[in-house]
Amino acid sequence: MNQTIAKKRWLYLIPVAFITYSLAYLDRANYGFGAAAGLAEDLNITAATSSLLGSLFFLGYFFFQVPGAAYAERKSAKVLIFWSLIAWGLLASFTGMVTDIKLLYFIRFALGVVESAVMPSMLVLLSNWFTKQERSRANTFLILGNPATVLWMSIVSGYLVESVGWRWMFIIEGLPAVLWAFIWWKVVNDKPREAKWLTDQEKADLEEQLAKEQQGIKPVKNYREAFRSKPVILLSAQYFLWSIGVYGFVMWLPSIIKAAPNMDMVTTGWLSSVPYILAIILMFTASYFSDKSLKRSVFVWPFLLIGAIAFYTSYALGTNHFWLSFILLVIAGGAMYAPYGPFFAIIPEILPRNVAGGAMALINSMGALGSFVGSYIVGYLNGVTGGFGASYIFMAGSLLFSAILTIWAVKVAGGPGGKATIKRIA
């Protein structure tokens with residue numbers, strides 16, 4: 001019976017979750033290609049202003065995470081994501097139509113606001129449908145929309161920019177989200193009891209199994225109590241630093257590669273996709289063994305440490321060894337993505353359902369703030385220094401401290417969940 005339920009859930013929900021997050025990530029990550037392909041030149045944007053525009057998204061994303069999670073947790077993730085899909089698709093397309101930089105400021109910020117609901121709402125949704133033994137893999141399939149999208153987006157955007165220009169690239173890549181909203185509405189249900197494709201017995205069995213998992217978790221009254229717990233504070237700081245490395249990498253990798261001698265946009269697109277192939281392989285591997293062993297942190301901090309070392313070594317080699325430096329960037333990119341599934345499986349195992357979504361939103365919002373810092377400061381350092389060495393060191397240092405904070409969070413994770421919490425995430 002359990003296997004029948006599991007099979008249906010994976011087939012009905014995971015492809016939809018993957019595509020939805022993939023479309024969200026497409027409309028935030030393609031700005032890096034627009035910036036590298038002439039957006040800044042056509043709108044007379046300086047390097048510092050371009051960095052601010054690229055990072056404004058994350059400010060909007062930061063401020064509306066927790067309200068979005070609260071709505072998804074207490075009312076409906078389905079409704080929230082439906083309207084978000086339509087809004088962000090239209091805003092992404094409008095990016096290709098702007099001629100005034102002031103309007104571009106607004107669009108980048110608003111895009112962050114409407115997309116802020118996606119990640120926490122999706123994590124809340126998956127926690128309502130998948131058990132502890134499955135959650136890391138379910139999260140990985142969701143977040144896989146990130147590297148998988150950048151992989152194909154890097155190639156497609158390179159060709160679109162080359163053939164129709166950066167404006168049409170934004171217009172064409174924004175429209176699928178609007179169309180997908182109606183498929184999302186038709187297929188997704190917030191809770192198992194609402195699904196017509198499950199039998200009454202299957203619904204009861206799944207709800208019972210999910211309810212049993214809540215019994216071993218100490219009650220937490222409200223968001224305020226959850227947000228003040230040491231594990232949540234440390235994991236928020238950890239994700240802030242981790243995201244500096246990830247989004248500095250995502251936003252500026254095309255520019256880093258394009259700076260190599262005799263490099264055109266199509267080749268830049270193909271090379272920019274390579275780190276995400278490794279990322280996909282490592283994400284599946286880490287989530288599988290994390291669920292199999294029910295250990296989380298040991299599949300987080302070692303990858304972040306590897307990413308830090310690879311970044312620094314790539315910097316140390318310098319521009320005279322482009323291909324070896326590029327291989328190390330591929331390793332860094334793959335290592336940074338690998339821990340996402342296990343990481344987001346931690347909170348639902350240490351906090352009860354009434355506050356877990358809000359805690360995940362808080363952590364993700366700090367990641368958005370880190371993304372803002374990463375994309376802005378990396379771009380700023382590149383502009384000020386005239387090279388990429390300083391930004392390499394900045395991203396490497398952020399990942400190193402992120403790995404250290406992961407280990408620290410495990411040691412103090414007695415917070416809301418007591419000693420049992422440490423066993424769950426160690």
# chains A, B, ... in the order shown; residues from 1 in each chain; ligands from 1
call {"tool": "residues_around", "arguments": {"residues": "region 5-21 of chain A", "least_positions_apart": "3", "cutoff": "7 Å", "atoms": "only C-alpha atoms", "output": "PyMOL selection string"}}
result
chain A and resi 1-2+24-25+141-142+144-145+184+188+202
call {"tool": "write_last_selection", "arguments": {"atoms": "all heavy atoms", "output": "CSV table (one decimal), in the first residue's frame"}}
result
chain,number,residue,atom,x,y,z
A,1,MET,N,0.8,-1.2,0.0
A,1,MET,CA,0.0,0.0,0.0
A,1,MET,C,0.9,1.3,0.0
A,1,MET,O,0.7,2.2,-0.8
A,1,MET,CB,-0.9,0.0,1.2
A,1,MET,CG,-1.9,1.2,1.3
A,1,MET,SD,-3.0,1.3,-0.1
A,1,MET,CE,-4.1,0.0,0.4
A,2,ASN,N,1.9,1.3,0.9
A,2,ASN,CA,2.7,2.5,1.0
A,2,ASN,C,3.4,2.8,-0.4
A,2,ASN,O,3.6,3.9,-0.8
A,2,ASN,CB,3.7,2.4,2.1
A,2,ASN,CG,3.1,2.6,3.4
A,2,ASN,OD1,2.0,3.2,3.5
A,2,ASN,ND2,3.7,2.1,4.5
A,24,ALA,N,10.5,29.5,-12.5
A,24,ALA,CA,10.8,30.6,-11.6
A,24,ALA,C,12.3,30.9,-11.7
A,24,ALA,O,12.7,32.1,-11.7
A,24,ALA,CB,10.4,30.2,-10.2
A,25,TYR,N,13.1,29.9,-11.7
A,25,TYR,CA,14.6,30.1,-11.8
A,25,TYR,C,15.0,30.7,-13.1
A,25,TYR,O,16.0,31.5,-13.2
A,25,TYR,CB,15.3,28.8,-11.4
A,25,TYR,CG,16.6,29.1,-10.8
A,25,TYR,CD1,16.7,29.5,-9.4
A,25,TYR,CD2,17.8,29.2,-11.5
A,25,TYR,CE1,17.9,29.8,-8.9
A,25,TYR,CE2,19.0,29.5,-11.0
A,25,TYR,CZ,19.1,29.8,-9.6
A,25,TYR,OH,20.2,30.2,-9.1
A,141,PHE,N,14.4,17.0,-6.0
A,141,PHE,CA,13.7,17.1,-7.3
A,141,PHE,C,13.1,18.5,-7.5
A,141,PHE,O,13.1,19.0,-8.7
A,141,PHE,CB,12.6,16.1,-7.4
A,141,PHE,CG,13.0,14.7,-7.9
A,141,PHE,CD1,13.1,13.7,-7.0
A,141,PHE,CD2,13.4,14.5,-9.2
A,141,PHE,CE1,13.5,12.4,-7.4
A,141,PHE,CE2,13.8,13.3,-9.6
A,141,PHE,CZ,13.8,12.2,-8.8
A,142,LEU,N,12.7,19.1,-6.5
A,142,LEU,CA,12.2,20.5,-6.6
A,142,LEU,C,13.3,21.5,-6.9
A,142,LEU,O,13.3,22.2,-7.9
A,142,LEU,CB,11.5,20.9,-5.2
A,142,LEU,CG,11.3,22.4,-5.1
A,142,LEU,CD1,10.2,22.9,-6.1
A,142,LEU,CD2,10.8,22.8,-3.6
A,144,LEU,N,16.2,20.8,-8.0
A,144,LEU,CA,16.8,20.5,-9.2
A,144,LEU,C,16.4,21.4,-10.4
A,144,LEU,O,17.2,21.6,-11.3
A,144,LEU,CB,16.5,19.0,-9.6
A,144,LEU,CG,17.4,18.3,-10.6
A,144,LEU,CD1,18.8,18.2,-10.0
A,144,LEU,CD2,16.8,17.0,-10.9
A,145,GLY,N,15.3,22.1,-10.2
A,145,GLY,CA,14.8,23.0,-11.2
A,145,GLY,C,15.8,24.2,-11.3
A,145,GLY,O,15.9,24.9,-12.3
A,184,TRP,N,-0.7,24.0,-13.5
A,184,TRP,CA,-0.5,24.0,-12.1
A,184,TRP,C,-1.8,23.9,-11.4
A,184,TRP,O,-2.1,23.1,-10.5
A,184,TRP,CB,0.3,25.2,-11.6
A,184,TRP,CG,0.3,25.4,-10.1
A,184,TRP,CD1,-0.6,26.1,-9.4
A,184,TRP,CD2,1.2,24.8,-9.1
A,184,TRP,NE1,-0.3,26.1,-8.1
A,184,TRP,CE2,0.8,25.3,-7.9
A,184,TRP,CE3,2.3,24.0,-9.2
A,184,TRP,CZ2,1.4,24.9,-6.7
A,184,TRP,CZ3,3.0,23.6,-8.1
A,184,TRP,CH2,2.5,24.1,-6.8
A,188,VAL,N,-2.5,20.3,-9.1
A,188,VAL,CA,-2.0,20.3,-7.7
A,188,VAL,C,-3.1,20.4,-6.7
A,188,VAL,O,-4.1,21.1,-6.9
A,188,VAL,CB,-1.0,21.5,-7.6
A,188,VAL,CG1,-0.6,21.6,-6.1
A,188,VAL,CG2,0.3,21.2,-8.4
A,202,GLU,N,-5.7,5.1,0.9
A,202,GLU,CA,-4.4,5.7,0.7
A,202,GLU,C,-4.3,7.1,1.4
A,202,GLU,O,-3.2,7.4,1.9
A,202,GLU,CB,-4.2,5.9,-0.8
A,202,GLU,CG,-3.9,4.5,-1.5
A,202,GLU,CD,-3.9,4.7,-3.0
A,202,GLU,OE1,-4.5,5.6,-3.6
A,202,GLU,OE2,-3.3,3.8,-3.7
call {"tool": "residues_around", "arguments": {"residues": "Glu173 (chain A)", "least_positions_apart": "3", "cutoff": "10 Å", "atoms": "only C-alpha atoms", "output": "list in words"}}
result
Leu23, Leu26, Asp27, Asn30, Gly89, Ala92, Ser93, Gly96, Met153, Val156, Ser157, Leu160, Trp168, Met169, Phe170, Pro176 and Ala177 of chain A
call {"tool": "write_last_selection", "arguments": {"atoms": "N, CA and C atoms", "output": "CSV table (one decimal), in the first residue's frame"}}
result
chain,number,residue,atom,x,y,z
A,23,LEU,N,10.8,27.2,-14.0
A,23,LEU,CA,10.3,28.4,-14.7
A,23,LEU,C,10.7,29.6,-13.8
A,26,LEU,N,14.4,30.2,-14.2
A,26,LEU,CA,14.7,30.8,-15.5
A,26,LEU,C,14.5,32.3,-15.5
A,27,ASP,N,13.5,32.8,-14.9
A,27,ASP,CA,13.2,34.2,-15.0
A,27,ASP,C,14.0,35.1,-14.0
A,30,ASN,N,18.3,34.5,-16.0
A,30,ASN,CA,18.7,34.9,-17.4
A,30,ASN,C,19.1,36.4,-17.4
A,89,GLY,N,5.8,35.7,-14.8
A,89,GLY,CA,6.0,35.5,-16.3
A,89,GLY,C,5.8,36.8,-17.0
A,92,ALA,N,8.8,39.2,-16.2
A,92,ALA,CA,10.0,38.7,-16.9
A,92,ALA,C,10.0,39.2,-18.4
A,93,SER,N,8.8,39.0,-19.0
A,93,SER,CA,8.7,39.4,-20.4
A,93,SER,C,8.8,40.9,-20.6
A,96,GLY,N,12.2,42.7,-21.3
A,96,GLY,CA,12.7,42.8,-22.7
A,96,GLY,C,12.2,44.0,-23.4
A,153,MET,N,19.0,26.8,-19.9
A,153,MET,CA,18.9,28.2,-20.1
A,153,MET,C,20.2,28.8,-20.6
A,156,VAL,N,20.2,27.8,-24.4
A,156,VAL,CA,19.1,28.4,-25.1
A,156,VAL,C,19.3,29.9,-25.2
A,157,SER,N,19.6,30.5,-24.0
A,157,SER,CA,19.8,32.0,-24.0
A,157,SER,C,20.9,32.4,-24.9
A,160,LEU,N,19.5,32.4,-28.3
A,160,LEU,CA,18.5,33.5,-28.5
A,160,LEU,C,19.1,34.8,-28.6
A,168,TRP,N,14.3,40.1,-27.0
A,168,TRP,CA,13.5,39.0,-27.3
A,168,TRP,C,13.8,37.7,-26.4
A,169,MET,N,15.0,37.6,-26.0
A,169,MET,CA,15.3,36.5,-25.1
A,169,MET,C,14.5,36.6,-23.8
A,170,PHE,N,14.4,37.8,-23.2
A,170,PHE,CA,13.5,38.0,-22.0
A,170,PHE,C,12.1,37.8,-22.3
A,176,PRO,N,6.3,31.2,-20.9
A,176,PRO,CA,5.9,29.9,-20.5
A,176,PRO,C,5.3,29.8,-19.1
A,177,ALA,N,5.8,30.7,-18.2
A,177,ALA,CA,5.3,30.7,-16.8
A,177,ALA,C,3.8,31.0,-16.8
call {"tool": "closest_residue", "arguments": {"among": "A:Tyr288, A:Trp180, A:Tyr392, A:Trp129", "to": "Arg193 (chain A)", "atoms": "only C-alpha atoms"}}
result
A:Trp129
call {"tool": "residues_around", "arguments": {"residues": "Asp42 (chain A)", "least_positions_apart": "5", "cutoff": "12 Å", "atoms": "only C-alpha atoms", "output": "list in words"}}
result
Gly34, Ala35, Ala36, Ala37, Ser50, Gly96, Val98, Thr99, Asp100, Ile101, Gly165, Trp166 and Arg167 of chain A
call {"tool": "closest_residue", "arguments": {"among": "A:Phe343, A:Tyr312, A:Trp83, A:Phe64", "to": "Gln238 (chain A)", "atoms": "only C-alpha atoms"}}
result
A:Phe343
call {"tool": "closest_residue", "arguments": {"among": "A:Val274, A:Leu351, A:Val187, A:Val266", "to": "Leu328 (chain A)", "atoms": "only C-alpha atoms"}}
result
A:Val274
call {"tool": "atom_distance", "arguments": {"atom1": "CA of Met336 (chain A)", "atom2": "CA of Val114 (chain A)"}}
result
25.5 Å
